[in-house]
>>> print(open('run15.csv').read())   # CSV, C-alpha atoms
chain,number,residue,atom,x,y,z
L,1,MET,CA,18.7,-14.7,12.7
L,2,LEU,CA,21.8,-12.4,12.8
L,3,SER,CA,21.3,-8.7,11.9
L,4,ALA,CA,23.5,-9.1,8.8
L,5,GLU,CA,21.3,-11.9,7.5
L,6,ILE,CA,18.2,-9.8,8.2
L,7,GLU,CA,19.6,-6.9,6.3
L,8,ARG,CA,20.6,-9.1,3.4
L,9,ARG,CA,17.1,-10.5,3.1
L,10,ALA,CA,15.5,-7.1,3.4
L,11,ARG,CA,17.8,-5.7,0.7
L,12,ALA,CA,17.1,-8.6,-1.7
L,13,LEU,CA,13.4,-8.1,-1.3
L,14,LEU,CA,13.6,-4.4,-1.8
L,15,ASP,CA,15.9,-4.7,-4.8
L,16,HIS,CA,13.4,-6.8,-6.7
L,17,ARG,CA,10.4,-4.6,-5.7
L,18,LEU,CA,12.1,-1.3,-6.4
L,19,ARG,CA,13.5,-2.4,-9.8
L,20,ARG,CA,10.2,-4.2,-10.5
L,21,LEU,CA,11.8,-7.5,-11.1
L,22,PRO,CA,10.1,-10.8,-10.3
L,23,HIS,CA,11.6,-12.6,-7.3
L,24,PRO,CA,11.5,-16.4,-7.1
L,25,VAL,CA,9.4,-17.6,-4.2
L,26,PRO,CA,11.8,-18.7,-1.5
L,27,SER,CA,12.1,-22.4,-0.7
L,28,ALA,CA,10.8,-23.6,2.6
L,29,ALA,CA,14.4,-23.6,4.0
L,30,GLU,CA,14.7,-19.9,3.1
L,31,TRP,CA,11.5,-18.8,4.9
L,32,PRO,CA,11.9,-16.9,8.1
L,33,ALA,CA,11.8,-19.2,11.1
L,34,ASP,CA,8.8,-17.5,12.7
L,35,MET,CA,6.8,-14.3,12.7
L,36,ASP,CA,9.4,-12.5,14.8
L,37,ALA,CA,12.1,-13.2,12.2
L,38,ALA,CA,9.6,-12.1,9.4
L,39,TYR,CA,8.9,-8.8,11.3
L,40,ALA,CA,12.6,-8.2,11.8
L,41,ILE,CA,13.1,-8.4,8.0
L,42,GLN,CA,10.1,-6.1,7.5
L,43,ASP,CA,11.5,-3.6,10.0
L,44,ALA,CA,14.9,-3.7,8.3
L,45,ALA,CA,13.2,-3.1,4.9
L,46,ASP,CA,11.2,-0.2,6.5
L,47,ALA,CA,14.4,1.4,7.7
L,48,LEU,CA,16.0,1.1,4.3
L,49,LEU,CA,13.0,2.5,2.5
L,50,ARG,CA,13.0,5.5,4.9
L,51,SER,CA,16.7,6.2,5.0
L,52,GLU,CA,17.8,5.3,1.5
L,53,CYS,CA,14.7,5.9,-0.6
L,54,GLY,CA,12.9,8.7,1.2
L,55,TYR,CA,9.7,6.8,1.8
L,56,VAL,CA,7.4,8.3,4.5
L,57,PRO,CA,5.2,6.0,6.5
L,58,ILE,CA,1.6,7.1,6.6
L,59,GLY,CA,-0.1,4.2,8.4
L,60,HIS,CA,-0.5,0.5,8.8
L,61,LYS,CA,-2.4,-2.3,7.1
L,62,ILE,CA,-3.7,-5.5,8.6
L,63,ALA,CA,-3.9,-8.6,6.4
L,64,GLY,CA,-5.1,-12.1,6.8
L,65,THR,CA,-8.1,-11.1,8.9
L,66,ASN,CA,-10.3,-13.9,7.8
L,67,PRO,CA,-9.8,-17.7,7.8
L,68,VAL,CA,-9.9,-18.0,4.0
L,69,ALA,CA,-7.2,-15.5,3.5
L,70,ARG,CA,-5.0,-17.1,6.2
L,71,ALA,CA,-5.5,-20.6,4.7
L,72,HIS,CA,-4.5,-19.2,1.2
L,73,LEU,CA,-1.4,-17.6,2.7
L,74,LYS,CA,-0.7,-20.6,5.0
L,75,ILE,CA,-0.5,-18.5,8.1
L,76,ALA,CA,-2.1,-18.9,11.5
L,77,ALA,CA,-2.8,-15.3,12.4
L,78,PRO,CA,-3.4,-11.8,10.9
L,79,PHE,CA,-0.3,-9.7,10.2
L,80,HIS,CA,0.5,-6.1,9.7
L,81,GLY,CA,2.6,-3.9,7.5
L,82,ARG,CA,3.3,-0.3,6.9
L,83,LEU,CA,1.8,2.0,4.3
L,84,TYR,CA,3.9,4.7,2.6
L,85,ASP,CA,3.2,8.0,1.0
L,86,ARG,CA,4.3,6.7,-2.4
L,87,GLN,CA,1.9,3.8,-2.2
L,88,ALA,CA,-1.3,5.8,-1.6
L,89,ALA,CA,-3.4,8.3,-3.5
L,90,GLU,CA,-6.7,10.0,-2.7
L,91,THR,CA,-9.5,10.1,-5.2
L,92,PRO,CA,-9.6,11.3,-7.9
L,93,ALA,CA,-6.2,9.8,-8.7
L,94,GLY,CA,-4.6,6.7,-9.9
L,95,PRO,CA,-2.2,4.7,-7.8
L,96,THR,CA,1.3,6.3,-7.6
L,97,GLU,CA,3.2,3.0,-7.6
L,98,ILE,CA,1.9,0.0,-9.5
L,99,ALA,CA,4.1,-2.9,-9.6
L,100,PHE,CA,3.4,-6.6,-9.6
L,101,LEU,CA,-0.4,-6.2,-9.7
L,102,ARG,CA,-2.1,-9.4,-8.7
L,103,VAL,CA,-5.5,-8.5,-7.4
L,104,HIS,CA,-7.5,-5.7,-5.8
L,105,GLU,CA,-9.8,-5.6,-2.8
L,106,THR,CA,-12.3,-3.2,-1.5
L,107,GLU,CA,-11.4,-2.0,2.0
L,108,ILE,CA,-12.4,0.3,4.8
L,109,ALA,CA,-9.8,3.0,5.6
L,110,LEU,CA,-9.8,4.6,9.1
L,111,PRO,CA,-7.7,7.7,9.1
L,112,ILE,CA,-6.7,8.3,12.7
L,113,GLY,CA,-6.8,11.9,13.9
L,114,ARG,CA,-4.4,11.5,16.8
L,115,ASP,CA,-1.5,9.2,17.9
L,116,LEU,CA,-2.3,6.1,19.8
L,117,PRO,CA,0.8,5.6,21.9
L,118,PRO,CA,1.9,2.0,22.2
L,119,GLY,CA,2.3,2.5,26.0
L,120,GLU,CA,-1.5,3.0,26.2
L,121,ALA,CA,-2.3,-0.3,24.5
L,122,PRO,CA,-4.3,-2.4,24.4
L,123,PHE,CA,-6.9,-0.2,22.8
L,124,ASN,CA,-10.6,-0.9,22.9
L,125,ALA,CA,-13.3,-0.1,20.3
L,126,GLU,CA,-14.2,3.2,22.1
L,127,THR,CA,-10.6,4.4,22.2
L,128,ILE,CA,-10.2,3.7,18.5
L,129,ALA,CA,-13.5,5.3,17.6
L,130,ALA,CA,-12.6,8.4,19.5
L,131,ALA,CA,-9.3,8.7,17.7
L,132,THR,CA,-10.8,8.0,14.2
L,133,ARG,CA,-11.1,11.0,12.0
L,134,ALA,CA,-13.2,9.3,9.3
L,135,VAL,CA,-14.4,6.0,7.9
L,136,LEU,CA,-13.7,5.9,4.2
L,137,PRO,CA,-14.1,3.4,1.3
L,138,ALA,CA,-10.7,2.3,-0.2
L,139,VAL,CA,-9.3,0.0,-2.8
L,140,GLU,CA,-6.2,-1.9,-2.1
L,141,ILE,CA,-4.1,-2.9,-5.1
L,142,ILE,CA,-2.2,-6.0,-3.9
L,143,GLY,CA,1.1,-6.8,-5.5
L,144,THR,CA,4.1,-8.9,-4.7
L,145,PRO,CA,7.5,-9.2,-6.3
L,146,PHE,CA,7.3,-12.9,-5.8
L,147,GLU,CA,6.6,-14.9,-9.0
L,148,PRO,CA,3.1,-16.5,-8.9
>>> encode(input="run15.csv", output="structure tokens")
Amino acid sequence: MLSAEIERRARALLDHRLRRLPHPVPSAAEWPADMDAAYAIQDAADALLRSECGYVPIGHKIAGTNPVARAHLKIAAPFHGRLYDRQAAETPAGPTEIAFLRVHETEIALPIGRDLPPGEAPFNAETIAAATRAVLPAVEIIGTPFEP
């Protein structure tokens, strides 16, 4: 996928999300060819959110970690995405950006107290535990601009 096409797709997704407008579910022909293409679109959207909208990344989320979720999403493996300052709130507080609410899930949040440089990967449980500042309950509000 050419970089102009990646940016076009990223801008289209962000436009719907930021304006809180429903986005038709893409046809099979419009889906990214593979996870690398999907992550390229995600990375382009991330760059736009940072540079044009002032979003600050604060962490990552892993999704599709169980077989039932993967079957529902029609994916073969878990995937990750970024979390941003405008999409998180500490208790007591309400969510700062609610759009396209579909469902909520209880989660476990692991605030990391130090960087885990990619050059040191892969990380084992002991390394992650040593870098973890706390283990906290969390609620994820899941939304998508795609029409149900």
>>> residues_around(input="run15.csv", residues="Tyr84 in chain L", least_positions_apart="2", cutoff="6 Å", atoms="only C-alpha atoms", output="ChimeraX atom specification")
/L:56-58,86-87
>>> atom_distance(input="run15.csv", atom1="CA of Thr106 in chain L", atom2="CA of Met35 in chain L")
26.3 Å
>>> closest_residue(input="run15.csv", among="L:Ala71, L:Tyr55, L:Glu107, L:Glu7", to="Leu83 in chain L", atoms="all atoms listed in the file")
L:Tyr55
>>> residues_near_point(input="run15.csv", point="(20.5, -7.9, 4.8)", cutoff="12 Å", atoms="all atoms listed in the file", output="ChimeraX atom specification")
/L:1-15,40-45,47-48
>>> residues_around(input="run15.csv", residues="range 110-121 of chain L", least_positions_apart="6", cutoff="12 Å", atoms="only C-alpha atoms", output="list in words")
Ile58, Gly59, His60, Lys61, Ile62, Thr127, Ile128, Ala129, Ala130, Ala131, Thr132, Arg133, Ala134, Val135, Leu136, Pro137 and Ala138 of chain L
>>> closest_residue(input="run15.csv", among="L:Ala109, L:Leu49, L:Ala63, L:Leu21", to="Asp85 in chain L", atoms="all atoms listed in the file")
L:Leu49
>>> residues_around(input="run15.csv", residues="His104 in chain L", least_positions_apart="4", cutoff="8 Å", atoms="all atoms listed in the file", output="compact mmCIF listing (two decimals) with C-alpha atoms, in the coordinates of the input")
# COMPACT_ATOMS: atom_id res chain seq x y z
CA VAL L 139 -9.30 0.00 -2.80
CA GLU L 140 -6.20 -1.90 -2.10
CA ILE L 141 -4.10 -2.90 -5.10
CA ILE L 142 -2.20 -6.00 -3.90
>>> atom_distance(input="run15.csv", atom1="CA of Pro92 in chain L", atom2="CA of Gly54 in chain L")
24.4 Å
>>> atom_distance(input="run15.csv", atom1="CA of Ala33 in chain L", atom2="CA of Arg19 in chain L")
26.9 Å
>>> decode(input="run15.csv", residues="range 69-84 of chain L", atoms="N, CA and C atoms", output="mmCIF file, in the first residue's frame")
data_model
loop_
_atom_site.group_PDB
_atom_site.id
_atom_site.type_symbol
_atom_site.label_atom_id
_atom_site.label_comp_id
_atom_site.auth_asym_id
_atom_site.auth_seq_id
_atom_site.Cartn_x
_atom_site.Cartn_y
_atom_site.Cartn_z
ATOM 1 N N ALA L 69 -13.050 -13.341 21.662
ATOM 2 C CA ALA L 69 -12.930 -11.988 21.095
ATOM 3 C C ALA L 69 -12.356 -12.046 19.682
ATOM 4 N N ARG L 70 -11.350 -12.878 19.473
ATOM 5 C CA ARG L 70 -10.754 -12.984 18.133
ATOM 6 C C ARG L 70 -11.764 -13.541 17.133
ATOM 7 N N ALA L 71 -12.561 -14.499 17.539
ATOM 8 C CA ALA L 71 -13.578 -15.053 16.635
ATOM 9 C C ALA L 71 -14.602 -13.975 16.278
ATOM 10 N N HIS L 72 -15.018 -13.200 17.263
ATOM 11 C CA HIS L 72 -15.975 -12.125 17.028
ATOM 12 C C HIS L 72 -15.412 -11.088 16.051
ATOM 13 N N LEU L 73 -14.135 -10.759 16.224
ATOM 14 C CA LEU L 73 -13.489 -9.755 15.375
ATOM 15 C C LEU L 73 -12.961 -10.333 14.061
ATOM 16 N N LYS L 74 -13.020 -11.655 13.938
ATOM 17 C CA LYS L 74 -12.522 -12.357 12.744
ATOM 18 C C LYS L 74 -11.040 -12.071 12.501
ATOM 19 N N ILE L 75 -10.264 -12.232 13.581
ATOM 20 C CA ILE L 75 -8.818 -12.042 13.499
ATOM 21 C C ILE L 75 -8.126 -13.265 14.076
ATOM 22 N N ALA L 76 -6.871 -13.463 13.691
ATOM 23 C CA ALA L 76 -6.141 -14.648 14.117
ATOM 24 C C ALA L 76 -5.300 -14.437 15.367
ATOM 25 N N ALA L 77 -4.973 -13.192 15.695
ATOM 26 C CA ALA L 77 -4.044 -12.939 16.798
ATOM 27 C C ALA L 77 -4.427 -11.639 17.506
ATOM 28 N N PRO L 78 -3.962 -11.477 18.745
ATOM 29 C CA PRO L 78 -4.184 -10.204 19.440
ATOM 30 C C PRO L 78 -3.536 -9.056 18.662
ATOM 31 N N PHE L 79 -4.017 -7.839 18.937
ATOM 32 C CA PHE L 79 -3.430 -6.658 18.310
ATOM 33 C C PHE L 79 -3.324 -5.551 19.349
ATOM 34 N N HIS L 80 -2.541 -4.530 19.030
ATOM 35 C CA HIS L 80 -2.342 -3.444 19.991
ATOM 36 C C HIS L 80 -2.698 -2.109 19.374
ATOM 37 N N GLY L 81 -2.950 -1.158 20.238
ATOM 38 C CA GLY L 81 -3.222 0.211 19.825
ATOM 39 C C GLY L 81 -2.745 1.159 20.903
ATOM 40 N N ARG L 82 -2.724 2.423 20.576
ATOM 41 C CA ARG L 82 -2.240 3.426 21.520
ATOM 42 C C ARG L 82 -3.386 3.988 22.359
ATOM 43 N N LEU L 83 -3.037 4.439 23.542
ATOM 44 C CA LEU L 83 -3.952 5.169 24.417
ATOM 45 C C LEU L 83 -3.462 6.612 24.469
ATOM 46 N N TYR L 84 -4.397 7.552 24.510
ATOM 47 C CA TYR L 84 -4.043 8.974 24.502
ATOM 48 C C TYR L 84 -4.602 9.681 25.726
#
